[in-house]
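Printed here is input.cif (mmCIF, C-alpha atoms):
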data_upload
loop_
_atom_site.group_PDB
_atom_site.id
_atom_site.type_symbol
_atom_site.label_atom_id
_atom_site.label_comp_id
_atom_site.auth_asym_id
_atom_site.auth_seq_id
_atom_site.Cartn_x
_atom_site.Cartn_y
_atom_site.Cartn_z
ATOM 1 C CA MET B 997 -37.234 -37.458 99.379
ATOM 2 C CA LEU B 998 -39.133 -34.266 98.666
ATOM 3 C CA GLU B 999 -40.245 -33.969 102.291
ATOM 4 C CA GLY B 1000 -36.633 -34.268 103.452
ATOM 5 C CA LEU B 1001 -35.469 -31.573 101.037
ATOM 6 C CA VAL B 1002 -38.235 -29.218 102.164
ATOM 7 C CA ALA B 1003 -37.458 -29.901 105.833
ATOM 8 C CA LEU B 1004 -33.834 -28.898 105.241
ATOM 9 C CA LEU B 1005 -34.730 -25.650 103.473
ATOM 10 C CA PRO B 1006 -34.996 -23.281 106.501
ATOM 11 C CA GLN B 1007 -31.597 -24.374 107.836
ATOM 12 C CA VAL B 1008 -30.023 -24.121 104.387
ATOM 13 C CA ILE B 1009 -31.409 -20.618 103.883
ATOM 14 C CA PHE B 1010 -30.060 -19.504 107.266
ATOM 15 C CA ASP B 1011 -26.637 -20.995 106.544
ATOM 16 C CA GLY B 1012 -26.640 -19.271 103.150
ATOM 17 C CA LEU B 1013 -27.559 -15.999 104.816
ATOM 18 C CA LEU B 1014 -24.645 -16.390 107.208
ATOM 19 C CA LEU B 1015 -22.175 -17.195 104.430
ATOM 20 C CA GLY B 1016 -23.554 -14.338 102.356
ATOM 21 C CA PHE B 1017 -22.937 -11.830 105.130
ATOM 22 C CA VAL B 1018 -19.303 -13.029 105.340
ATOM 23 C CA TYR B 1019 -18.860 -12.414 101.608
ATOM 24 C CA ALA B 1020 -20.667 -9.095 101.900
ATOM 25 C CA MET B 1021 -18.389 -7.803 104.669
ATOM 26 C CA ILE B 1022 -15.280 -8.580 102.638
ATOM 27 C CA ALA B 1023 -16.868 -7.155 99.478
ATOM 28 C CA LEU B 1024 -17.366 -3.793 101.191
ATOM 29 C CA GLY B 1025 -13.579 -3.358 101.289
ATOM 30 C CA TYR B 1026 -13.246 -4.147 97.592
ATOM 31 C CA THR B 1027 -16.035 -1.693 96.839
ATOM 32 C CA MET B 1028 -14.491 1.159 98.850
ATOM 33 C CA VAL B 1029 -11.186 0.991 96.986
ATOM 34 C CA TYR B 1030 -12.707 0.393 93.569
ATOM 35 C CA GLY B 1031 -15.122 3.279 94.012
ATOM 36 C CA VAL B 1032 -12.230 5.730 94.403
ATOM 37 C CA LEU B 1033 -9.399 4.284 92.292
ATOM 38 C CA GLU B 1034 -11.185 1.786 90.039
ATOM 39 C CA LEU B 1035 -8.541 -0.637 91.326
ATOM 40 C CA ILE B 1036 -9.258 -4.290 92.102
ATOM 41 C CA ASN B 1037 -7.258 -4.616 95.306
ATOM 42 C CA PHE B 1038 -6.711 -8.371 95.393
ATOM 43 C CA ALA B 1039 -4.480 -7.888 98.437
ATOM 44 C CA HIS B 1040 -7.668 -7.143 100.383
ATOM 45 C CA SER B 1041 -8.180 -10.881 100.855
ATOM 46 C CA GLU B 1042 -4.914 -10.972 102.822
ATOM 47 C CA ILE B 1043 -5.959 -7.917 104.845
ATOM 48 C CA PHE B 1044 -9.005 -9.983 105.767
ATOM 49 C CA MET B 1045 -6.714 -12.916 106.643
ATOM 50 C CA ILE B 1046 -4.625 -10.685 108.935
ATOM 51 C CA GLY B 1047 -7.797 -9.707 110.791
ATOM 52 C CA ALA B 1048 -8.641 -13.391 111.233
ATOM 53 C CA VAL B 1049 -5.159 -14.133 112.622
ATOM 54 C CA VAL B 1050 -5.415 -11.175 115.015
ATOM 55 C CA GLY B 1051 -8.771 -12.520 116.230
ATOM 56 C CA VAL B 1052 -7.287 -15.960 116.921
ATOM 57 C CA GLU B 1053 -4.347 -14.471 118.821
ATOM 58 C CA VAL B 1054 -6.551 -12.190 120.934
ATOM 59 C CA PHE B 1055 -8.781 -15.104 121.948
ATOM 60 C CA ARG B 1056 -5.724 -17.265 122.588
ATOM 61 C CA TYR B 1057 -4.040 -14.813 124.973
ATOM 62 C CA LEU B 1058 -6.947 -12.886 126.485
ATOM 63 C CA GLY B 1059 -9.485 -15.727 126.622
ATOM 64 C CA PRO B 1060 -8.029 -17.345 129.764
ATOM 65 C CA ALA B 1061 -7.787 -13.964 131.527
ATOM 66 C CA ILE B 1062 -11.225 -12.631 130.519
ATOM 67 C CA PRO B 1063 -13.939 -15.292 130.812
ATOM 68 C CA ASN B 1064 -16.606 -13.203 129.025
ATOM 69 C CA GLY B 1065 -16.478 -13.948 125.303
ATOM 70 C CA ILE B 1066 -18.331 -10.750 124.347
ATOM 71 C CA VAL B 1067 -15.636 -8.574 125.933
ATOM 72 C CA VAL B 1068 -12.875 -10.557 124.248
ATOM 73 C CA LEU B 1069 -14.707 -10.333 120.923
ATOM 74 C CA LEU B 1070 -15.014 -6.547 121.205
ATOM 75 C CA LEU B 1071 -11.277 -6.276 121.904
ATOM 76 C CA ALA B 1072 -10.534 -8.618 119.000
ATOM 77 C CA LEU B 1073 -12.751 -6.579 116.647
ATOM 78 C CA LEU B 1074 -11.052 -3.357 117.729
ATOM 79 C CA LEU B 1075 -7.521 -4.711 117.331
ATOM 80 C CA GLY B 1076 -8.385 -6.503 114.106
ATOM 81 C CA ALA B 1077 -9.805 -3.302 112.611
ATOM 82 C CA ILE B 1078 -6.817 -1.197 113.696
ATOM 83 C CA ILE B 1079 -4.090 -3.615 112.568
ATOM 84 C CA SER B 1080 -5.777 -4.520 109.276
ATOM 85 C CA GLY B 1081 -6.589 -0.879 108.545
ATOM 86 C CA LEU B 1082 -3.019 0.222 109.196
ATOM 87 C CA MET B 1083 -1.689 -2.639 107.081
ATOM 88 C CA ALA B 1084 -3.947 -1.570 104.213
ATOM 89 C CA MET B 1085 -2.570 1.975 104.530
ATOM 90 C CA VAL B 1086 0.996 0.637 104.423
ATOM 91 C CA VAL B 1087 0.197 -1.404 101.308
ATOM 92 C CA GLU B 1088 -1.285 1.662 99.611
ATOM 93 C CA ARG B 1089 1.670 3.845 100.562
ATOM 94 C CA LEU B 1090 4.399 1.411 99.505
ATOM 95 C CA ALA B 1091 2.813 -0.432 96.580
ATOM 96 C CA TYR B 1092 0.111 1.677 94.925
ATOM 97 C CA ARG B 1093 1.015 5.303 95.515
ATOM 98 C CA PRO B 1094 4.374 5.084 93.690
ATOM 99 C CA LEU B 1095 2.499 3.797 90.643
ATOM 100 C CA ARG B 1096 0.140 6.776 90.745
ATOM 101 C CA ALA B 1097 3.076 9.151 91.195
ATOM 102 C CA ARG B 1098 4.653 7.806 88.021
ATOM 103 C CA GLY B 1099 1.406 8.379 86.160
ATOM 104 C CA THR B 1100 0.947 4.720 85.294
ATOM 105 C CA THR B 1101 -2.077 4.347 83.022
ATOM 106 C CA ASN B 1102 -1.829 0.636 82.273
ATOM 107 C CA ARG B 1103 -4.462 -1.017 84.474
ATOM 108 C CA LEU B 1104 -2.557 -4.307 84.481
ATOM 109 C CA VAL B 1105 0.342 -2.796 86.453
ATOM 110 C CA PRO B 1106 -1.562 -2.072 89.722
ATOM 111 C CA LEU B 1107 -3.504 -5.340 89.277
ATOM 112 C CA ILE B 1108 -0.309 -7.398 89.094
ATOM 113 C CA THR B 1109 1.116 -5.365 91.979
ATOM 114 C CA ALA B 1110 -1.928 -6.233 94.093
ATOM 115 C CA ILE B 1111 -1.462 -9.937 93.367
ATOM 116 C CA GLY B 1112 2.223 -9.671 94.296
ATOM 117 C CA VAL B 1113 1.388 -7.900 97.562
ATOM 118 C CA SER B 1114 -1.098 -10.669 98.306
ATOM 119 C CA PHE B 1115 1.611 -13.330 98.021
ATOM 120 C CA VAL B 1116 4.008 -11.288 100.157
ATOM 121 C CA LEU B 1117 1.476 -10.877 102.970
ATOM 122 C CA GLN B 1118 0.651 -14.586 102.921
ATOM 123 C CA ASP B 1119 4.279 -15.575 103.329
ATOM 124 C CA VAL B 1120 5.013 -12.904 105.950
ATOM 125 C CA VAL B 1121 2.159 -14.157 108.137
ATOM 126 C CA ARG B 1122 3.208 -17.778 107.563
ATOM 127 C CA PHE B 1123 6.789 -16.894 108.568
ATOM 128 C CA ILE B 1124 5.715 -15.038 111.731
ATOM 129 C CA GLU B 1125 3.272 -17.721 112.868
ATOM 130 C CA GLY B 1126 5.830 -20.418 112.117
ATOM 131 C CA LEU B 1127 8.433 -18.732 114.290
ATOM 132 C CA TRP B 1128 5.968 -17.800 117.020
ATOM 133 C CA HIS B 1129 3.870 -20.956 117.383
ATOM 134 C CA ASN B 1130 5.434 -23.438 114.977
ATOM 135 C CA GLU B 1131 1.915 -23.928 113.625
ATOM 136 C CA PHE B 1132 0.404 -23.616 110.180
ATOM 137 C CA LYS B 1133 -3.271 -23.958 111.073
ATOM 138 C CA LEU B 1134 -4.534 -21.864 113.972
ATOM 139 C CA GLN B 1135 -7.569 -22.877 116.025
ATOM 140 C CA MET B 1136 -9.930 -20.270 117.405
ATOM 141 C CA ARG B 1137 -10.723 -20.699 121.099
ATOM 142 C CA VAL B 1138 -14.373 -19.609 121.423
ATOM 143 C CA ILE B 1139 -15.567 -18.983 124.989
ATOM 144 C CA PRO B 1140 -19.044 -18.448 126.555
ATOM 145 C CA PRO B 1141 -21.473 -17.065 125.638
ATOM 146 C CA LEU B 1142 -20.267 -17.110 122.025
ATOM 147 C CA ASP B 1143 -20.310 -20.906 121.940
ATOM 148 C CA GLY B 1144 -23.977 -21.031 122.949
ATOM 149 C CA ASN B 1145 -26.832 -21.938 120.624
ATOM 150 C CA PHE B 1146 -30.573 -22.442 120.442
ATOM 151 C CA THR B 1147 -33.169 -23.819 118.039
ATOM 152 C CA PHE B 1148 -35.719 -21.482 116.453
ATOM 153 C CA LEU B 1149 -38.506 -23.569 114.946
ATOM 154 C CA THR B 1150 -36.368 -26.042 112.970
ATOM 155 C CA VAL B 1151 -33.302 -23.823 112.527
ATOM 156 C CA PHE B 1152 -30.154 -24.373 114.591
ATOM 157 C CA VAL B 1153 -28.778 -20.928 115.488
ATOM 158 C CA GLN B 1154 -25.480 -20.084 117.175
ATOM 159 C CA TYR B 1155 -25.053 -16.864 119.138
ATOM 160 C CA LYS B 1156 -21.857 -16.072 117.244
ATOM 161 C CA ALA B 1157 -23.806 -16.311 113.979
ATOM 162 C CA LEU B 1158 -26.296 -13.693 115.184
ATOM 163 C CA ILE B 1159 -23.411 -11.411 116.169
ATOM 164 C CA LEU B 1160 -21.886 -11.813 112.704
ATOM 165 C CA ILE B 1161 -25.163 -10.815 111.033
ATOM 166 C CA LEU B 1162 -25.660 -7.858 113.376
ATOM 167 C CA VAL B 1163 -22.140 -6.519 112.850
ATOM 168 C CA SER B 1164 -22.505 -6.944 109.078
ATOM 169 C CA LEU B 1165 -25.641 -4.803 109.042
ATOM 170 C CA LEU B 1166 -23.998 -2.182 111.265
ATOM 171 C CA MET B 1167 -21.047 -2.060 108.862
ATOM 172 C CA LEU B 1168 -23.361 -1.546 105.891
ATOM 173 C CA PHE B 1169 -25.388 1.249 107.503
ATOM 174 C CA GLY B 1170 -22.295 2.860 109.028
ATOM 175 C CA LEU B 1171 -20.421 2.868 105.723
ATOM 176 C CA ASN B 1172 -23.426 4.278 103.870
ATOM 177 C CA TYR B 1173 -23.701 7.040 106.457
ATOM 178 C CA LEU B 1174 -19.982 7.833 106.296
ATOM 179 C CA VAL B 1175 -19.908 8.037 102.504
ATOM 180 C CA ASN B 1176 -23.143 9.988 102.067
ATOM 181 C CA ARG B 1177 -23.461 12.121 105.230
ATOM 182 C CA THR B 1178 -20.000 13.151 106.404
ATOM 183 C CA LYS B 1179 -17.318 15.574 105.258
ATOM 184 C CA LEU B 1180 -14.880 12.720 104.701
ATOM 185 C CA GLY B 1181 -17.482 10.926 102.615
ATOM 186 C CA THR B 1182 -17.969 14.030 100.476
ATOM 187 C CA ALA B 1183 -14.214 14.189 99.899
ATOM 188 C CA ILE B 1184 -14.127 10.479 99.000
ATOM 189 C CA ARG B 1185 -16.913 10.956 96.472
ATOM 190 C CA ALA B 1186 -15.201 14.038 95.052
ATOM 191 C CA VAL B 1187 -11.921 12.176 94.528
ATOM 192 C CA ALA B 1188 -13.803 9.261 93.002
ATOM 193 C CA GLN B 1189 -15.613 11.611 90.610
ATOM 194 C CA ASP B 1190 -12.642 13.676 89.442
ATOM 195 C CA MET B 1191 -9.279 13.552 91.192
ATOM 196 C CA SER B 1192 -7.806 16.574 89.398
ATOM 197 C CA THR B 1193 -10.774 18.829 90.137
ATOM 198 C CA ALA B 1194 -10.869 17.647 93.752
ATOM 199 C CA ARG B 1195 -7.217 18.690 94.083
ATOM 200 C CA LEU B 1196 -8.080 22.172 92.761
ATOM 201 C CA MET B 1197 -10.801 22.397 95.415
ATOM 202 C CA GLY B 1198 -8.250 21.924 98.201
ATOM 203 C CA ILE B 1199 -8.638 18.165 98.687
ATOM 204 C CA ASN B 1200 -5.463 16.127 98.937
ATOM 205 C CA PRO B 1201 -6.254 12.966 96.953
ATOM 206 C CA ASP B 1202 -3.382 11.000 98.502
ATOM 207 C CA VAL B 1203 -4.734 11.629 102.007
ATOM 208 C CA ILE B 1204 -8.275 10.688 100.997
ATOM 209 C CA ILE B 1205 -7.105 7.537 99.218
ATOM 210 C CA SER B 1206 -5.041 6.560 102.257
ATOM 211 C CA ARG B 1207 -8.068 7.013 104.507
ATOM 212 C CA THR B 1208 -10.180 5.001 102.082
ATOM 213 C CA PHE B 1209 -7.705 2.132 102.356
ATOM 214 C CA LEU B 1210 -7.768 2.533 106.137
ATOM 215 C CA ILE B 1211 -11.557 2.222 106.223
ATOM 216 C CA GLY B 1212 -11.644 -0.653 103.741
ATOM 217 C CA GLY B 1213 -8.873 -2.473 105.602
ATOM 218 C CA ALA B 1214 -10.621 -1.986 108.943
ATOM 219 C CA LEU B 1215 -13.815 -3.470 107.491
ATOM 220 C CA GLY B 1216 -11.791 -6.408 106.184
ATOM 221 C CA GLY B 1217 -10.190 -6.880 109.603
ATOM 222 C CA VAL B 1218 -13.575 -6.972 111.337
ATOM 223 C CA ALA B 1219 -14.792 -9.484 108.759
ATOM 224 C CA GLY B 1220 -11.694 -11.609 109.400
ATOM 225 C CA VAL B 1221 -12.236 -11.693 113.154
ATOM 226 C CA LEU B 1222 -15.876 -12.709 112.757
ATOM 227 C CA PHE B 1223 -14.924 -15.323 110.161
ATOM 228 C CA ALA B 1224 -12.398 -16.836 112.588
ATOM 229 C CA VAL B 1225 -14.972 -16.894 115.382
ATOM 230 C CA GLN B 1226 -17.550 -18.565 113.145
ATOM 231 C CA TYR B 1227 -15.412 -21.082 111.265
ATOM 232 C CA SER B 1228 -12.626 -21.705 113.815
ATOM 233 C CA THR B 1229 -9.684 -22.913 111.660
ATOM 234 C CA ILE B 1230 -7.374 -20.251 110.197
ATOM 235 C CA ASP B 1231 -4.197 -20.399 108.118
ATOM 236 C CA PRO B 1232 -2.184 -17.843 106.069
ATOM 237 C CA TYR B 1233 -4.071 -18.789 102.900
ATOM 238 C CA VAL B 1234 -7.551 -18.634 104.383
ATOM 239 C CA GLY B 1235 -8.306 -15.338 102.675
ATOM 240 C CA PHE B 1236 -7.937 -16.586 99.109
ATOM 241 C CA PHE B 1237 -11.285 -18.272 98.446
ATOM 242 C CA PRO B 1238 -13.444 -15.953 100.621
ATOM 243 C CA GLY B 1239 -11.689 -13.008 98.982
ATOM 244 C CA LEU B 1240 -12.349 -14.387 95.506
ATOM 245 C CA LYS B 1241 -15.982 -15.050 96.378
ATOM 246 C CA ALA B 1242 -16.299 -11.564 97.899
ATOM 247 C CA PHE B 1243 -14.905 -10.011 94.717
ATOM 248 C CA THR B 1244 -17.480 -12.029 92.787
ATOM 249 C CA ALA B 1245 -20.172 -10.731 95.147
ATOM 250 C CA ALA B 1246 -19.014 -7.151 94.609
ATOM 251 C CA VAL B 1247 -19.236 -7.588 90.830
ATOM 252 C CA LEU B 1248 -22.559 -9.381 91.172
ATOM 253 C CA GLY B 1249 -24.088 -6.523 93.135
ATOM 254 C CA GLY B 1250 -22.434 -3.778 91.074
ATOM 255 C CA ILE B 1251 -18.854 -3.053 92.046
ATOM 256 C CA GLY B 1252 -18.485 0.411 93.509
ATOM 257 C CA ASN B 1253 -22.004 0.230 94.975
ATOM 258 C CA ILE B 1254 -21.972 -0.275 98.761
ATOM 259 C CA THR B 1255 -25.486 -1.685 99.020
ATOM 260 C CA GLY B 1256 -24.808 -3.746 95.912
ATOM 261 C CA ALA B 1257 -21.835 -5.395 97.633
ATOM 262 C CA MET B 1258 -24.105 -6.510 100.463
ATOM 263 C CA VAL B 1259 -26.826 -7.741 98.098
ATOM 264 C CA GLY B 1260 -24.289 -9.548 95.924
ATOM 265 C CA GLY B 1261 -22.831 -11.285 98.962
ATOM 266 C CA LEU B 1262 -26.230 -12.464 100.151
ATOM 267 C CA VAL B 1263 -27.218 -13.713 96.698
ATOM 268 C CA LEU B 1264 -23.936 -15.560 96.245
ATOM 269 C CA GLY B 1265 -24.184 -17.094 99.715
ATOM 270 C CA GLN B 1266 -27.642 -18.443 98.983
ATOM 271 C CA LEU B 1267 -26.634 -19.796 95.574
ATOM 272 C CA GLU B 1268 -23.612 -21.548 97.006
ATOM 273 C CA THR B 1269 -25.422 -23.070 99.979
ATOM 274 C CA LEU B 1270 -28.525 -24.172 98.077
ATOM 275 C CA SER B 1271 -26.538 -25.754 95.261
ATOM 276 C CA GLY B 1272 -24.075 -27.390 97.643
ATOM 277 C CA THR B 1273 -26.901 -28.948 99.653
ATOM 278 C CA TYR B 1274 -29.382 -29.970 96.970
ATOM 279 C CA LEU B 1275 -27.271 -30.579 93.864
ATOM 280 C CA PRO B 1276 -25.950 -34.053 94.883
ATOM 281 C CA THR B 1277 -29.462 -35.254 95.720
ATOM 282 C CA LEU B 1278 -31.180 -33.778 92.678
ATOM 283 C CA THR B 1279 -28.565 -35.179 90.275
ATOM 284 C CA GLY B 1280 -28.371 -38.614 91.879
ATOM 285 C CA GLY B 1281 -24.843 -38.015 93.042
ATOM 286 C CA ASN B 1282 -23.503 -37.189 89.573
ATOM 287 C CA PHE B 1283 -22.631 -33.670 90.706
ATOM 288 C CA GLY B 1284 -21.187 -33.307 94.186
ATOM 289 C CA THR B 1285 -21.000 -30.421 96.621
ATOM 290 C CA GLU B 1286 -17.825 -29.131 94.970
ATOM 291 C CA TYR B 1287 -19.901 -28.009 91.970
ATOM 292 C CA LYS B 1288 -21.468 -25.244 94.028
ATOM 293 C CA ASP B 1289 -18.592 -22.971 93.016
ATOM 294 C CA VAL B 1290 -19.152 -23.784 89.343
ATOM 295 C CA ILE B 1291 -22.811 -22.780 89.566
ATOM 296 C CA ALA B 1292 -22.026 -19.551 91.431
ATOM 297 C CA PHE B 1293 -19.437 -18.463 88.876
ATOM 298 C CA LEU B 1294 -21.613 -19.599 85.963
ATOM 299 C CA ILE B 1295 -24.365 -17.287 87.150
ATOM 300 C CA LEU B 1296 -21.775 -14.514 87.470
ATOM 301 C CA ILE B 1297 -20.680 -15.067 83.866
ATOM 302 C CA LEU B 1298 -24.292 -14.950 82.668
ATOM 303 C CA LEU B 1299 -24.878 -11.772 84.639
ATOM 304 C CA LEU B 1300 -21.803 -10.122 83.133
ATOM 305 C CA LEU B 1301 -23.004 -11.105 79.672
ATOM 306 C CA PHE B 1302 -26.500 -9.689 80.040
ATOM 307 C CA ARG B 1303 -26.081 -7.056 82.794
ATOM 308 C CA PRO B 1304 -22.380 -6.217 83.144
ATOM 309 C CA GLN B 1305 -23.016 -3.365 85.577
ATOM 310 C CA GLY B 1306 -24.324 -5.843 88.173
ATOM 311 C CA LEU B 1307 -27.639 -6.086 89.990
ATOM 312 C CA LEU B 1308 -27.618 -2.593 91.515
ATOM 313 C CA GLY B 1309 -24.894 -0.958 89.427
ATOM 314 C CA GLN B 1310 -25.517 1.785 86.899
ATOM 315 C CA VAL B 1311 -24.045 2.303 83.468
ATOM 316 C CA VAL B 1312 -21.513 5.121 83.881
ATOM 317 C CA LYS B 1313 -20.318 7.045 80.869
ATOM 318 C CA GLU B 1314 -16.568 7.416 80.475
ATOM 319 C CA LYS B 1315 -15.221 10.608 82.025
ATOM 320 C CA VAL B 1316 -13.628 13.154 79.678
#
In structure tokens, how does this file's structure come out?
Amino acid sequence: MLEGLVALLPQVIFDGLLLGFVYAMIALGYTMVYGVLELINFAHSEIFMIGAVVGVEVFRYLGPAIPNGIVVLLLALLLGAIISGLMAMVVERLAYRPLRARGTTNRLVPLITAIGVSFVLQDVVRFIEGLWHNEFKLQMRVIPPLDGNFTFLTVFVQYKALILILVSLLMLFGLNYLVNRTKLGTAIRAVAQDMSTARLMGINPDVIISRTFLIGGALGGVAGVLFAVQYSTIDPYVGFFPGLKAFTAAVLGGIGNITGAMVGGLVLGQLETLSGTYLPTLTGGNFGTEYKDVIAFLILILLLLFRPQGLLGQVVKEKV
């Protein structure tokens, strides 16, 4: 038995890496918004879902006309980023900005609003897809060369998986560069540090927050497209569990920390895949694959008990 478990390990680690990058991409959107507003935007999971639906529709309608899957994927990524980013801006403008304008200080109010927006977006997409296709579950149509694969040593690797990893890394480095090396990034950090002082310095916080939602939504849209390409079946509720896991990854890595979101996603992906694969065998079938979520969240609880700032987070003193 031991030899079989060891033989599976390289494939399990690769699959965990792939799942971790999915969580990490979604977690970047949570981190962007939290870093500026200290708001847990639970509607981000539905922004991710919208990106996935856009990806399915682009492949459905452009796939037969354009036989090269890479070209179709680039178009899907572009449209997914634009539509999801704009939707995130609309959500911020209609749902969150009025709360800030009223000077709401109760943190539960925007949190409950985010959950409500999440339900609204789910049902809007379900309504549109029901009228348009009379379908609940949408199937991604992957075309060459995205559906190709090869074996490296003992690991089965799909080309679309390599693209997902590459895009994830580009998103991480690009977001780090934008936040730390550009004028917009300086404004974002200024608003995150002190909104009132930033306003006195000539920065319009509402504009910066709107652009932050645009960037976070675009990242979520790209993640949604790649998720649809990798896992094929999409429905209006597909964002719930990945979004919840991505939020967990963001907290695990240190919410508000961009690199931490990526690290948290990778750690969570490995924990989930390793426990889901080995737990049934090691426990003699007493604990099945479904307990992988229990283990992942148990580790999160322990981390919050002993290191609440996360793996890469820092203890920040309250602003006065």
For Val1086 (chain B), list every protein, DNA or RNA residue within 10 Å, evaluated using only C-alpha atoms, and leave out those in the same chain fewer than 5 positions away; present the list as a count of residues only.
7
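This file, queried with the PyMOL selection byres ((chain B and resi 1064-1067) around 10), gives the residues Phe1055, Leu1058, Gly1059, Pro1060, Ala1061, Ile1062, Pro1063, Val1068, Leu1069, Leu1070, Leu1071, Ala1072, Leu1073, Arg1137, Val1138, Ile1139, Pro1140, Pro1141, Leu1142, Asp1143, Lys1156 and Ile1159 of chain B.
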Please evaluate the PyMOL selection byres ((chain B and resi 1228) around 9) against the displayed coordinates and give the resulting residues as a list in words.
Val1052, Leu1134, Gln1135, Met1136, Arg1137, Val1138, Phe1223, Ala1224, Val1225, Gln1226, Tyr1227, Thr1229 and Ile1230 of chain B
Do you know which residues the PyMOL selection byres ((chain B and resi 1293-1303) around 9) returns on this file, as a ChimeraX atom specification?
/B:1241,1244-1245,1247-1248,1288-1292,1304-1307
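CA of Val1018 (chain B) is found 22.4 Å from CA of Leu1275 (chain B).
As for CA of Gly1170 (chain B) and CA of Gly1076 (chain B), they are spaced 17.5 Å apart.
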Distance cut-off 12 Å, centre (-10.7, -10.3, 103.1) in file coordinates, counting all atoms listed in the file: which residues qualify? Return them as a PDB file with C-alpha atoms, in the coordinates of the input.
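File produced: point-v1.pdb:
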ATOM      1  CA  VAL B1018     -19.303 -13.029 105.340  1.00  0.00           C
ATOM      2  CA  TYR B1019     -18.860 -12.414 101.608  1.00  0.00           C
ATOM      3  CA  ALA B1020     -20.667  -9.095 101.900  1.00  0.00           C
ATOM      4  CA  MET B1021     -18.389  -7.803 104.669  1.00  0.00           C
ATOM      5  CA  ILE B1022     -15.280  -8.580 102.638  1.00  0.00           C
ATOM      6  CA  ALA B1023     -16.868  -7.155  99.478  1.00  0.00           C
ATOM      7  CA  LEU B1024     -17.366  -3.793 101.191  1.00  0.00           C
ATOM      8  CA  GLY B1025     -13.579  -3.358 101.289  1.00  0.00           C
ATOM      9  CA  TYR B1026     -13.246  -4.147  97.592  1.00  0.00           C
ATOM     10  CA  THR B1027     -16.035  -1.693  96.839  1.00  0.00           C
ATOM     11  CA  ASN B1037      -7.258  -4.616  95.306  1.00  0.00           C
ATOM     12  CA  PHE B1038      -6.711  -8.371  95.393  1.00  0.00           C
ATOM     13  CA  ALA B1039      -4.480  -7.888  98.437  1.00  0.00           C
ATOM     14  CA  HIS B1040      -7.668  -7.143 100.383  1.00  0.00           C
ATOM     15  CA  SER B1041      -8.180 -10.881 100.855  1.00  0.00           C
ATOM     16  CA  GLU B1042      -4.914 -10.972 102.822  1.00  0.00           C
ATOM     17  CA  ILE B1043      -5.959  -7.917 104.845  1.00  0.00           C
ATOM     18  CA  PHE B1044      -9.005  -9.983 105.767  1.00  0.00           C
ATOM     19  CA  MET B1045      -6.714 -12.916 106.643  1.00  0.00           C
ATOM     20  CA  ILE B1046      -4.625 -10.685 108.935  1.00  0.00           C
ATOM     21  CA  GLY B1047      -7.797  -9.707 110.791  1.00  0.00           C
ATOM     22  CA  ALA B1048      -8.641 -13.391 111.233  1.00  0.00           C
ATOM     23  CA  VAL B1049      -5.159 -14.133 112.622  1.00  0.00           C
ATOM     24  CA  GLY B1076      -8.385  -6.503 114.106  1.00  0.00           C
ATOM     25  CA  ALA B1077      -9.805  -3.302 112.611  1.00  0.00           C
ATOM     26  CA  SER B1080      -5.777  -4.520 109.276  1.00  0.00           C
ATOM     27  CA  GLY B1081      -6.589  -0.879 108.545  1.00  0.00           C
ATOM     28  CA  ALA B1084      -3.947  -1.570 104.213  1.00  0.00           C
ATOM     29  CA  SER B1114      -1.098 -10.669  98.306  1.00  0.00           C
ATOM     30  CA  GLY B1212     -11.644  -0.653 103.741  1.00  0.00           C
ATOM     31  CA  GLY B1213      -8.873  -2.473 105.602  1.00  0.00           C
ATOM     32  CA  ALA B1214     -10.621  -1.986 108.943  1.00  0.00           C
ATOM     33  CA  LEU B1215     -13.815  -3.470 107.491  1.00  0.00           C
ATOM     34  CA  GLY B1216     -11.791  -6.408 106.184  1.00  0.00           C
ATOM     35  CA  GLY B1217     -10.190  -6.880 109.603  1.00  0.00           C
ATOM     36  CA  VAL B1218     -13.575  -6.972 111.337  1.00  0.00           C
ATOM     37  CA  ALA B1219     -14.792  -9.484 108.759  1.00  0.00           C
ATOM     38  CA  GLY B1220     -11.694 -11.609 109.400  1.00  0.00           C
ATOM     39  CA  VAL B1221     -12.236 -11.693 113.154  1.00  0.00           C
ATOM     40  CA  LEU B1222     -15.876 -12.709 112.757  1.00  0.00           C
ATOM     41  CA  PHE B1223     -14.924 -15.323 110.161  1.00  0.00           C
ATOM     42  CA  ALA B1224     -12.398 -16.836 112.588  1.00  0.00           C
ATOM     43  CA  PRO B1232      -2.184 -17.843 106.069  1.00  0.00           C
ATOM     44  CA  TYR B1233      -4.071 -18.789 102.900  1.00  0.00           C
ATOM     45  CA  VAL B1234      -7.551 -18.634 104.383  1.00  0.00           C
ATOM     46  CA  GLY B1235      -8.306 -15.338 102.675  1.00  0.00           C
ATOM     47  CA  PHE B1236      -7.937 -16.586  99.109  1.00  0.00           C
ATOM     48  CA  PHE B1237     -11.285 -18.272  98.446  1.00  0.00           C
ATOM     49  CA  PRO B1238     -13.444 -15.953 100.621  1.00  0.00           C
ATOM     50  CA  GLY B1239     -11.689 -13.008  98.982  1.00  0.00           C
ATOM     51  CA  LEU B1240     -12.349 -14.387  95.506  1.00  0.00           C
ATOM     52  CA  LYS B1241     -15.982 -15.050  96.378  1.00  0.00           C
ATOM     53  CA  ALA B1242     -16.299 -11.564  97.899  1.00  0.00           C
ATOM     54  CA  PHE B1243     -14.905 -10.011  94.717  1.00  0.00           C
TER      55      PHE B1243
END
